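Asks: Encoded as structure tokens, here's the structure I'll be asking about.
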Amino acid sequence: LNLAVDDDCKVAIKELGGIGKLVPLLNASLPLTLRAVTAMTLTNLGALEDCALAIAEVGGVNALIQCMGKPTEDVLQEKAASALWNLSVVGSIKATIRKAGGIPFLLSVFEFSTFVPAIENCLGTLLSLAETQENRFAVAQAGAINLLIKLLESEHPNVVEKAAGVMWNLSHEETVQHSVRQLGGLKPIINLLSSDSPLIRFNAVGALPLLTEQSDNVHECVELGAITPLVYLLATETNVLVLQNAAQSLGNIAEGCQQYQQAIAEAHGLKRLVDVITVWAAKMDGQIDDDIFAKQTQANSQELVA
């Protein structure tokens with residue numbers, strides 16, 4: 001476990017066949033504590049892509065998924081989900097986890113566990129898995145939306161942040177956009193726009209440009225009072241992506257509806273938009289394209305102003 005923290009040791013463990021010896025220690029017939037320590041070791045190893053691929057090749061994905069179900073306990077679920085989270089960063093393993101039936105096991109933790117570290121790690125894994133369309137469909141079809149909506153109202157900020165992030169990724173799909181509205185998910189997302197946590201606000205406002213692609217969602221967002229907090233973000237935020245997503249959401253709301261355009265104007269939205277354009281256009285004039293970070297910053301700034 002401790003040796004697997006160092007990258008050189010990770011490589012040595014892999015080359016000496018250690019991964020093939022570790023994965024069988026996840027077997028359900030073995031003590032829960034041994035399985036948990038093994039999952040922790042695989043978490044460390046799985047942070048290196050070559051080791052992650054090796055873990056998948058010897059059946060580690062299936063073995064870790066089985067740790068999420070009975071016989072299990074809180075710490076084992078936490079550590080197994082942590083290992084799956086690291087593995088899911090690798091593109092090819094995202095599909096492997098889905099095909100091995102991992103998504104329902106991850107979602108079951110939200111239904112039957114109150115252990116926050118396990119819930120957080122399952123959310124982290126789903127956040128990574130939902131970067132691909134096939135996985136987004138699979139996560140949604142497995143009943144994730146309703147569970148995620150409940151987690152958006154958790155008393156634990158880290159859970160809320162990650163649940164909002166998963167919702168953002170899933171909202172790229174039109175079917176999810178409708179499901180979020182139908183299951184009452186717009187209200188908690190709008191409420192999160194006023195959260196004290198910058199990361200929660202970041203994820204919540206990130207989902208709204210996607211959710212407001214649907215006219216039915218736009219109508220409900222306006223009824224739920226989304227315009228005021230979106231305009232407030234324009235006046236108070238400094239993160240370019242938050243500002244961009246708030247502006248885009250207001251643009252979606254305003255499109256083709258004079259009544260909503262007037263509501264945005266009355267909420268001082270036009271002034272806030274002009275202020276943002278003025279400030280960020282000036283920042284763009286002062287930026288220098290001498291490195292990748294500066295170029296990316298300028299690209300984000302240009303998109304915000306547009």
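Chain lettering (A, B, ...) mirrors the order of the structure tokens, residue numbering begins at 1 for each chain separately, and ligand numbering begins at 1 in order of display.
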What are the closest atom pairs, with distances in Å to one decimal, for all residues of segment 200-270 of chain A lying within 8 Å of segment 181-191 of chain A? Consider only C-alpha atoms, order rows by chain and residue number, and present the result as CSV.
Replies:
```
residue,atom,partner,partner_atom,distance
A:Ala204,CA,A:Ile189,CA,5.7
A:Val205,CA,A:Ile189,CA,8.0
A:Asn217,CA,A:Arg181,CA,6.3
A:Glu220,CA,A:Leu186,CA,7.8
A:Cys221,CA,A:Leu186,CA,6.8
A:Leu224,CA,A:Lys187,CA,6.5
A:Gly225,CA,A:Ile190,CA,7.9
A:Ala226,CA,A:Ile190,CA,5.9
A:Pro229,CA,A:Ile190,CA,7.9
```
Asks: Within 10 Å of Leu210 of chain A, counting only C-alpha atoms, which residues qualify if same-chain residues fewer than 5 places away don't, as a ChimeraX atom specification?
Replies: /A:168-174,176-177,205,217,245,248-249,252
Asks: Quick one: residues within 12 Å of Leu193 of chain A, only C-alpha atoms counted, chain neighbours fewer than 6 positions away excluded, as a ChimeraX atom specification?
Replies: /A:152,161,164,186-187,199-208,225-234,236-237,242-243,245-246
Asks: Go ahead and save the picked residues with C-alpha atoms, as an mmCIF file, in the first residue's frame.
Replies:
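Contents of out-v7.cif, freshly written:
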```cif
data_model
loop_
_atom_site.group_PDB
_atom_site.id
_atom_site.type_symbol
_atom_site.label_atom_id
_atom_site.label_comp_id
_atom_site.auth_asym_id
_atom_site.auth_seq_id
_atom_site.Cartn_x
_atom_site.Cartn_y
_atom_site.Cartn_z
ATOM 1 C CA LEU A 152 -28.218 18.138 -4.427
ATOM 2 C CA GLU A 161 -20.628 19.779 -5.421
ATOM 3 C CA ALA A 164 -24.064 18.942 -9.370
ATOM 4 C CA LEU A 186 -34.516 22.483 -11.682
ATOM 5 C CA LYS A 187 -35.420 24.040 -8.334
ATOM 6 C CA LEU A 199 -17.325 25.016 -6.579
ATOM 7 C CA ILE A 200 -21.021 24.331 -6.055
ATOM 8 C CA ARG A 201 -21.942 27.511 -7.930
ATOM 9 C CA PHE A 202 -19.508 26.544 -10.689
ATOM 10 C CA ASN A 203 -21.159 23.156 -11.266
ATOM 11 C CA ALA A 204 -24.736 24.378 -10.857
ATOM 12 C CA VAL A 205 -24.417 27.218 -13.364
ATOM 13 C CA GLY A 206 -22.523 24.877 -15.681
ATOM 14 C CA ALA A 207 -25.607 22.701 -16.079
ATOM 15 C CA LEU A 208 -28.012 25.563 -16.811
ATOM 16 C CA GLY A 225 -36.847 32.714 -10.185
ATOM 17 C CA ALA A 226 -33.661 31.783 -12.039
ATOM 18 C CA ILE A 227 -33.157 35.213 -13.608
ATOM 19 C CA THR A 228 -32.243 37.057 -10.407
ATOM 20 C CA PRO A 229 -29.429 34.736 -9.230
ATOM 21 C CA LEU A 230 -28.042 34.482 -12.770
ATOM 22 C CA VAL A 231 -27.845 38.274 -13.031
ATOM 23 C CA TYR A 232 -26.285 38.415 -9.563
ATOM 24 C CA LEU A 233 -23.544 36.023 -10.706
ATOM 25 C CA LEU A 234 -22.708 38.423 -13.532
ATOM 26 C CA THR A 236 -20.211 39.194 -8.399
ATOM 27 C CA GLU A 237 -18.260 36.381 -10.050
ATOM 28 C CA VAL A 242 -19.061 30.886 -14.434
ATOM 29 C CA LEU A 243 -19.702 34.220 -16.125
ATOM 30 C CA ASN A 245 -22.406 29.963 -18.377
ATOM 31 C CA ALA A 246 -24.532 32.558 -16.554
#
```
Asks: Please return, as a short mmCIF file (atom, residue, chain, number, x, y, z; two decimals) with N, CA and C atoms, in the first residue's frame, all residues of segment 23-92 of chain A that DSSP assigns to alpha helix (DSSP H) on the basis of the backbone.
Replies:
```
data_model
loop_
_atom_site.label_atom_id
_atom_site.label_comp_id
_atom_site.auth_asym_id
_atom_site.auth_seq_id
_atom_site.Cartn_x
_atom_site.Cartn_y
_atom_site.Cartn_z
N LEU A 32 -13.08 -8.67 5.04
CA LEU A 32 -13.41 -7.34 4.52
C LEU A 32 -12.24 -6.38 4.66
N THR A 33 -11.50 -6.48 5.78
CA THR A 33 -10.38 -5.57 5.99
C THR A 33 -9.28 -5.81 4.96
N LEU A 34 -9.00 -7.05 4.65
CA LEU A 34 -8.00 -7.36 3.62
C LEU A 34 -8.43 -6.82 2.27
N ARG A 35 -9.69 -6.99 1.94
CA ARG A 35 -10.20 -6.49 0.65
C ARG A 35 -10.11 -4.96 0.60
N ALA A 36 -10.37 -4.30 1.73
CA ALA A 36 -10.32 -2.84 1.76
C ALA A 36 -8.88 -2.34 1.56
N VAL A 37 -7.91 -2.98 2.22
CA VAL A 37 -6.51 -2.59 2.06
C VAL A 37 -6.06 -2.85 0.62
N THR A 38 -6.52 -3.94 0.04
CA THR A 38 -6.18 -4.24 -1.35
C THR A 38 -6.75 -3.18 -2.29
N ALA A 39 -7.99 -2.78 -2.04
CA ALA A 39 -8.61 -1.73 -2.87
C ALA A 39 -7.85 -0.41 -2.72
N MET A 40 -7.37 -0.11 -1.52
CA MET A 40 -6.56 1.10 -1.31
C MET A 40 -5.27 1.03 -2.12
N THR A 41 -4.65 -0.13 -2.12
CA THR A 41 -3.42 -0.32 -2.89
C THR A 41 -3.68 -0.14 -4.38
N LEU A 42 -4.77 -0.68 -4.86
CA LEU A 42 -5.13 -0.53 -6.28
C LEU A 42 -5.48 0.91 -6.61
N THR A 43 -6.02 1.63 -5.63
CA THR A 43 -6.27 3.06 -5.84
C THR A 43 -4.96 3.78 -6.14
N ASN A 44 -3.95 3.51 -5.33
CA ASN A 44 -2.64 4.14 -5.54
C ASN A 44 -2.03 3.73 -6.88
N LEU A 45 -2.09 2.45 -7.18
CA LEU A 45 -1.52 1.96 -8.43
C LEU A 45 -2.28 2.53 -9.63
N GLU A 49 -1.50 5.45 -15.49
CA GLU A 49 -2.32 4.86 -16.56
C GLU A 49 -1.91 3.44 -16.91
N ASP A 50 -0.62 3.18 -17.03
CA ASP A 50 -0.18 1.82 -17.38
C ASP A 50 -0.63 0.81 -16.33
N CYS A 51 -0.57 1.21 -15.07
CA CYS A 51 -1.02 0.31 -14.01
C CYS A 51 -2.54 0.15 -14.04
N ALA A 52 -3.24 1.24 -14.33
CA ALA A 52 -4.70 1.16 -14.43
C ALA A 52 -5.10 0.16 -15.52
N LEU A 53 -4.43 0.23 -16.66
CA LEU A 53 -4.72 -0.70 -17.75
C LEU A 53 -4.40 -2.13 -17.34
N ALA A 54 -3.30 -2.29 -16.60
CA ALA A 54 -2.93 -3.63 -16.14
C ALA A 54 -3.96 -4.19 -15.16
N ILE A 55 -4.47 -3.33 -14.29
CA ILE A 55 -5.51 -3.75 -13.34
C ILE A 55 -6.75 -4.22 -14.10
N ALA A 56 -7.13 -3.47 -15.13
CA ALA A 56 -8.30 -3.86 -15.92
C ALA A 56 -8.06 -5.16 -16.66
N GLU A 57 -6.85 -5.36 -17.15
CA GLU A 57 -6.54 -6.55 -17.95
C GLU A 57 -6.63 -7.84 -17.14
N GLY A 60 -9.50 -6.63 -12.68
CA GLY A 60 -9.66 -5.78 -11.51
C GLY A 60 -10.93 -4.97 -11.48
N VAL A 61 -11.42 -4.59 -12.66
CA VAL A 61 -12.65 -3.79 -12.70
C VAL A 61 -13.81 -4.59 -12.13
N ASN A 62 -13.98 -5.82 -12.61
CA ASN A 62 -15.06 -6.67 -12.10
C ASN A 62 -14.92 -6.92 -10.61
N ALA A 63 -13.70 -7.17 -10.17
CA ALA A 63 -13.47 -7.48 -8.75
C ALA A 63 -13.80 -6.28 -7.87
N LEU A 64 -13.43 -5.09 -8.32
CA LEU A 64 -13.73 -3.88 -7.54
C LEU A 64 -15.23 -3.61 -7.51
N ILE A 65 -15.90 -3.83 -8.62
CA ILE A 65 -17.35 -3.63 -8.66
C ILE A 65 -18.04 -4.57 -7.67
N GLN A 66 -17.58 -5.80 -7.60
CA GLN A 66 -18.19 -6.75 -6.68
C GLN A 66 -18.00 -6.32 -5.23
N ASP A 74 -18.86 -0.18 4.84
CA ASP A 74 -18.65 1.21 4.41
C ASP A 74 -17.26 1.47 3.86
N VAL A 75 -16.24 1.08 4.61
CA VAL A 75 -14.86 1.40 4.21
C VAL A 75 -14.49 0.67 2.93
N LEU A 76 -14.91 -0.57 2.79
CA LEU A 76 -14.63 -1.32 1.56
C LEU A 76 -15.28 -0.64 0.36
N GLN A 77 -16.52 -0.20 0.50
CA GLN A 77 -17.18 0.51 -0.60
C GLN A 77 -16.45 1.80 -0.93
N GLU A 78 -16.03 2.51 0.12
CA GLU A 78 -15.29 3.76 -0.10
C GLU A 78 -14.01 3.52 -0.90
N LYS A 79 -13.22 2.51 -0.49
CA LYS A 79 -11.93 2.25 -1.13
C LYS A 79 -12.11 1.67 -2.53
N ALA A 80 -13.09 0.81 -2.71
CA ALA A 80 -13.32 0.24 -4.03
C ALA A 80 -13.78 1.32 -5.01
N ALA A 81 -14.66 2.21 -4.54
CA ALA A 81 -15.11 3.31 -5.40
C ALA A 81 -13.96 4.26 -5.73
N SER A 82 -13.05 4.45 -4.77
CA SER A 82 -11.89 5.29 -5.02
C SER A 82 -11.01 4.70 -6.11
N ALA A 83 -10.81 3.39 -6.07
CA ALA A 83 -10.02 2.71 -7.10
C ALA A 83 -10.71 2.82 -8.46
N LEU A 84 -12.02 2.61 -8.49
CA LEU A 84 -12.76 2.72 -9.75
C LEU A 84 -12.69 4.15 -10.30
N TRP A 85 -12.72 5.12 -9.41
CA TRP A 85 -12.60 6.53 -9.83
C TRP A 85 -11.28 6.76 -10.57
N ASN A 86 -10.17 6.27 -9.98
CA ASN A 86 -8.88 6.42 -10.64
C ASN A 86 -8.84 5.67 -11.97
N LEU A 87 -9.38 4.48 -11.99
CA LEU A 87 -9.38 3.69 -13.23
C LEU A 87 -10.22 4.36 -14.31
N SER A 88 -11.31 5.00 -13.90
CA SER A 88 -12.25 5.57 -14.87
C SER A 88 -11.69 6.78 -15.60
N GLY A 91 -9.66 6.45 -20.71
CA GLY A 91 -10.79 6.42 -21.64
C GLY A 91 -11.36 5.04 -21.88
N SER A 92 -10.51 4.06 -22.16
CA SER A 92 -11.00 2.71 -22.48
C SER A 92 -11.65 2.04 -21.29
#
```
